[in-house]
$ cat run02.txt   # compact mmCIF, C-alpha atoms
# COMPACT_ATOMS: atom_id res chain seq x y z
CA MET A 1 0.00 0.00 0.00
CA ALA A 2 1.08 3.55 -0.52
CA GLU A 3 2.31 5.40 2.54
CA ASP A 4 -0.55 7.89 2.47
CA HIS A 5 -3.27 5.28 3.16
CA GLY A 6 -1.49 2.25 4.59
CA VAL A 7 1.79 0.71 5.63
CA ALA A 8 3.92 -1.38 3.32
CA GLY A 9 5.80 -4.21 4.92
CA ALA A 10 6.71 -7.84 4.68
CA VAL A 11 3.34 -9.47 5.32
CA ARG A 12 4.79 -12.82 6.33
CA ARG A 13 7.41 -11.43 8.70
CA ALA A 14 6.14 -10.95 12.21
CA PRO A 15 9.03 -8.67 13.33
CA ALA A 16 8.39 -6.29 10.41
CA ILE A 17 4.67 -6.19 11.14
CA ALA A 18 5.32 -5.64 14.85
CA ARG A 19 7.76 -2.82 14.09
CA GLU A 20 5.21 -1.04 11.86
CA VAL A 21 2.37 -1.46 14.37
CA ILE A 22 4.49 -0.15 17.24
CA GLY A 23 5.61 2.76 15.06
CA LEU A 24 2.01 3.66 14.26
CA LEU A 25 0.94 3.36 17.89
CA ARG A 26 3.68 5.79 18.87
CA ASP A 27 3.00 8.33 16.08
CA ASP A 28 -0.51 9.75 16.50
CA THR A 29 -0.14 12.23 13.63
CA ARG A 30 0.99 9.62 11.11
CA ARG A 31 -1.57 7.06 12.27
CA HIS A 32 -4.48 9.51 12.03
CA GLY A 33 -3.26 10.76 8.65
CA ILE A 34 -3.18 7.22 7.28
CA ARG A 35 -6.59 6.48 8.80
CA LYS A 36 -8.11 9.61 7.28
CA ASN A 37 -6.66 8.92 3.81
CA ALA A 38 -7.74 5.27 3.91
CA TYR A 39 -11.28 6.35 4.83
CA LYS A 40 -11.40 8.84 1.93
CA GLN A 41 -10.16 6.23 -0.51
CA GLY A 42 -12.62 3.66 0.83
CA ARG A 43 -15.54 6.04 0.33
CA GLU A 44 -14.95 5.80 -3.41
CA MET A 45 -15.88 2.13 -3.19
CA VAL A 46 -19.29 2.52 -1.52
CA TRP A 47 -22.05 0.72 -3.39
CA SER A 48 -23.67 3.86 -4.83
CA ASN A 49 -20.39 4.88 -6.51
CA VAL A 50 -19.61 1.37 -7.71
CA ALA A 51 -23.16 0.99 -9.09
CA ARG A 52 -22.82 4.29 -10.95
CA LEU A 53 -19.55 3.10 -12.52
CA TYR A 54 -21.17 -0.19 -13.56
CA MET A 55 -24.12 1.63 -15.11
CA ARG A 56 -21.78 3.93 -17.03
CA SER A 57 -19.85 0.91 -18.29
CA PHE A 58 -23.04 -0.95 -19.32
CA GLU A 59 -24.39 2.11 -21.15
CA LEU A 60 -21.12 2.60 -23.02
CA SER A 61 -21.05 -1.08 -23.99
CA ARG A 62 -24.68 -0.91 -25.15
CA ARG A 63 -23.99 2.14 -27.30
CA GLU A 64 -20.86 0.63 -28.85
CA GLY A 65 -22.68 -2.64 -29.52
CA ALA A 66 -25.58 -0.83 -31.18
CA ALA A 67 -23.17 1.15 -33.38
CA ARG A 68 -21.35 -2.05 -34.40
CA SER A 69 -24.55 -3.87 -35.27
CA ARG A 70 -25.77 -0.95 -37.40
CA LYS A 71 -22.42 -0.93 -39.19
CA SER A 72 -22.49 -4.68 -39.85
CA LEU A 73 -25.98 -4.40 -41.34
CA ALA A 74 -24.88 -1.88 -43.92
CA THR A 75 -24.96 -3.39 -47.39
CA LYS A 76 -22.91 -2.62 -50.46
CA THR A 77 -24.23 -2.24 -53.94
CA LEU A 78 -22.94 -4.57 -56.64
CA ASP A 79 -20.73 -1.78 -57.98
CA GLN A 80 -19.14 -1.29 -54.55
CA SER A 81 -18.56 -4.98 -53.98
CA ARG A 82 -17.20 -5.87 -57.48
CA GLY A 83 -13.65 -5.12 -56.42
CA ASN A 84 -13.91 -7.82 -53.75
CA TYR A 85 -14.75 -10.63 -56.18
CA ARG A 86 -12.43 -12.11 -58.75
CA SER A 87 -13.65 -14.17 -61.69
$ encode --input "run02.txt" --output "structure tokens"
Amino acid sequence: MAEDHGVAGAVRRAPAIAREVIGLLRDDTRRHGIRKNAYKQGREMVWSNVARLYMRSFELSRREGAARSRKSLATKTLDQSRGNYRS
């Protein structure tokens, strides 16, 4: 994690974790800063925001799909398609 919203450390090493926890317990300013930034970042992931992002994605996909299907339905006249066929 980035320093502004968490603590990076060796997850599987107990001494490193203990050192970071003790450091945060001793540094109120740093701990509260990280807490505040983590909260702000987490608020972006509340369901209403995530749902809005999904809806935007679905709408974009629908529009692009509709445009593609209209394009694939376009037909060429015989004059336009003659260059594609060889006798």
$ atom_distance --input "run02.txt" --atom1 "atom CA of Ser48 of chain A" --atom2 "atom CA of Leu60 of chain A"
18.4 Å
$ atom_distance --input "run02.txt" --atom1 "atom CA of Tyr39 of chain A" --atom2 "atom CA of Glu20 of chain A"
19.4 Å
$ atom_distance --input "run02.txt" --atom1 "atom CA of Glu64 of chain A" --atom2 "atom CA of Ala51 of chain A"
19.9 Å
$ axis_aligned_box --input "run02.txt" --around "segment 44-56 of chain A" --padding-each-side "5 Å" --output "lines of an AutoDock Vina configuration file"
center_x = -19.5
center_y = 2.8
center_z = -9.3
size_x = 19.2
size_y = 16.0
size_z = 25.5
$ decode --input "run02.txt" --residues "segment 17-67 of chain A" --atoms "N, CA and C atoms" --output "short mmCIF file (atom, residue, chain, number, x, y, z; two decimals), in the first residue's frame"
data_model
loop_
_atom_site.label_atom_id
_atom_site.label_comp_id
_atom_site.auth_asym_id
_atom_site.auth_seq_id
_atom_site.Cartn_x
_atom_site.Cartn_y
_atom_site.Cartn_z
N ILE A 17 6.03 -6.62 10.83
CA ILE A 17 4.67 -6.19 11.14
C ILE A 17 4.65 -5.54 12.51
N ALA A 18 5.29 -6.18 13.48
CA ALA A 18 5.32 -5.64 14.85
C ALA A 18 5.98 -4.26 14.87
N ARG A 19 7.06 -4.10 14.15
CA ARG A 19 7.76 -2.82 14.09
C ARG A 19 6.85 -1.72 13.53
N GLU A 20 6.11 -2.03 12.46
CA GLU A 20 5.21 -1.04 11.86
C GLU A 20 4.06 -0.70 12.79
N VAL A 21 3.48 -1.70 13.44
CA VAL A 21 2.37 -1.46 14.37
C VAL A 21 2.83 -0.60 15.54
N ILE A 22 3.96 -0.94 16.11
CA ILE A 22 4.49 -0.15 17.24
C ILE A 22 4.78 1.28 16.78
N GLY A 23 5.35 1.41 15.58
CA GLY A 23 5.61 2.76 15.06
C GLY A 23 4.34 3.57 14.90
N LEU A 24 3.28 2.95 14.41
CA LEU A 24 2.01 3.66 14.26
C LEU A 24 1.38 4.00 15.61
N LEU A 25 1.50 3.10 16.56
CA LEU A 25 0.94 3.36 17.89
C LEU A 25 1.66 4.52 18.58
N ARG A 26 2.90 4.72 18.25
CA ARG A 26 3.68 5.79 18.87
C ARG A 26 3.54 7.13 18.14
N ASP A 27 3.07 7.11 16.90
CA ASP A 27 3.00 8.33 16.08
C ASP A 27 1.53 8.65 15.74
N ASP A 28 0.91 9.41 16.67
CA ASP A 28 -0.51 9.75 16.50
C ASP A 28 -0.78 10.48 15.19
N THR A 29 0.08 11.42 14.83
CA THR A 29 -0.14 12.23 13.63
C THR A 29 -0.12 11.36 12.38
N ARG A 30 0.87 10.51 12.28
CA ARG A 30 0.99 9.62 11.11
C ARG A 30 -0.17 8.63 11.06
N ARG A 31 -0.49 8.04 12.21
CA ARG A 31 -1.57 7.06 12.27
C ARG A 31 -2.90 7.68 11.86
N HIS A 32 -3.21 8.86 12.37
CA HIS A 32 -4.48 9.51 12.03
C HIS A 32 -4.49 9.98 10.58
N GLY A 33 -3.34 10.38 10.06
CA GLY A 33 -3.26 10.76 8.65
C GLY A 33 -3.55 9.58 7.74
N ILE A 34 -2.95 8.43 8.06
CA ILE A 34 -3.18 7.22 7.28
C ILE A 34 -4.64 6.80 7.39
N ARG A 35 -5.20 6.85 8.59
CA ARG A 35 -6.59 6.48 8.80
C ARG A 35 -7.52 7.35 7.96
N LYS A 36 -7.27 8.66 8.01
CA LYS A 36 -8.11 9.61 7.28
C LYS A 36 -8.03 9.37 5.76
N ASN A 37 -6.83 9.17 5.24
CA ASN A 37 -6.66 8.92 3.81
C ASN A 37 -7.28 7.58 3.39
N ALA A 38 -7.15 6.56 4.22
CA ALA A 38 -7.74 5.27 3.91
C ALA A 38 -9.27 5.38 3.89
N TYR A 39 -9.83 6.15 4.80
CA TYR A 39 -11.28 6.35 4.83
C TYR A 39 -11.74 7.05 3.55
N LYS A 40 -11.03 8.11 3.16
CA LYS A 40 -11.40 8.84 1.93
C LYS A 40 -11.36 7.92 0.72
N GLN A 41 -10.30 7.13 0.62
CA GLN A 41 -10.16 6.23 -0.51
C GLN A 41 -11.26 5.16 -0.47
N GLY A 42 -11.57 4.67 0.69
CA GLY A 42 -12.62 3.66 0.83
C GLY A 42 -14.00 4.17 0.46
N ARG A 43 -14.25 5.45 0.66
CA ARG A 43 -15.54 6.04 0.33
C ARG A 43 -15.81 5.97 -1.16
N GLU A 44 -14.77 5.92 -1.97
CA GLU A 44 -14.95 5.80 -3.41
C GLU A 44 -15.52 4.44 -3.79
N MET A 45 -15.43 3.48 -2.89
CA MET A 45 -15.88 2.13 -3.19
C MET A 45 -17.23 1.80 -2.56
N VAL A 46 -17.96 2.80 -2.06
CA VAL A 46 -19.29 2.52 -1.52
C VAL A 46 -20.19 2.10 -2.68
N TRP A 47 -21.22 1.32 -2.36
CA TRP A 47 -22.05 0.72 -3.39
C TRP A 47 -22.62 1.74 -4.37
N SER A 48 -23.07 2.89 -3.90
CA SER A 48 -23.67 3.86 -4.83
C SER A 48 -22.66 4.31 -5.89
N ASN A 49 -21.41 4.50 -5.52
CA ASN A 49 -20.39 4.88 -6.51
C ASN A 49 -20.06 3.72 -7.44
N VAL A 50 -19.93 2.54 -6.89
CA VAL A 50 -19.61 1.37 -7.71
C VAL A 50 -20.76 1.10 -8.69
N ALA A 51 -21.99 1.21 -8.22
CA ALA A 51 -23.16 0.99 -9.09
C ALA A 51 -23.18 2.02 -10.22
N ARG A 52 -22.86 3.24 -9.93
CA ARG A 52 -22.82 4.29 -10.95
C ARG A 52 -21.76 3.96 -12.02
N LEU A 53 -20.61 3.48 -11.57
CA LEU A 53 -19.55 3.10 -12.52
C LEU A 53 -19.98 1.92 -13.39
N TYR A 54 -20.66 0.94 -12.77
CA TYR A 54 -21.17 -0.19 -13.56
C TYR A 54 -22.18 0.28 -14.59
N MET A 55 -23.10 1.14 -14.19
CA MET A 55 -24.12 1.63 -15.11
C MET A 55 -23.48 2.39 -16.27
N ARG A 56 -22.49 3.19 -15.98
CA ARG A 56 -21.78 3.93 -17.03
C ARG A 56 -21.11 2.95 -18.00
N SER A 57 -20.51 1.92 -17.47
CA SER A 57 -19.85 0.91 -18.29
C SER A 57 -20.87 0.16 -19.15
N PHE A 58 -22.00 -0.24 -18.57
CA PHE A 58 -23.04 -0.95 -19.32
C PHE A 58 -23.60 -0.08 -20.44
N GLU A 59 -23.84 1.19 -20.14
CA GLU A 59 -24.39 2.11 -21.15
C GLU A 59 -23.40 2.29 -22.30
N LEU A 60 -22.14 2.46 -21.99
CA LEU A 60 -21.12 2.60 -23.02
C LEU A 60 -21.06 1.34 -23.89
N SER A 61 -21.09 0.18 -23.27
CA SER A 61 -21.05 -1.08 -23.99
C SER A 61 -22.28 -1.22 -24.89
N ARG A 62 -23.45 -0.84 -24.37
CA ARG A 62 -24.68 -0.91 -25.15
C ARG A 62 -24.59 -0.01 -26.39
N ARG A 63 -24.10 1.20 -26.18
CA ARG A 63 -23.99 2.14 -27.30
C ARG A 63 -23.00 1.63 -28.35
N GLU A 64 -21.86 1.14 -27.90
CA GLU A 64 -20.86 0.63 -28.85
C GLU A 64 -21.38 -0.60 -29.59
N GLY A 65 -22.10 -1.46 -28.89
CA GLY A 65 -22.68 -2.64 -29.52
C GLY A 65 -23.72 -2.27 -30.55
N ALA A 66 -24.55 -1.27 -30.24
CA ALA A 66 -25.58 -0.83 -31.18
C ALA A 66 -24.92 -0.23 -32.43
N ALA A 67 -23.87 0.54 -32.24
CA ALA A 67 -23.17 1.15 -33.38
C ALA A 67 -22.54 0.06 -34.26
#
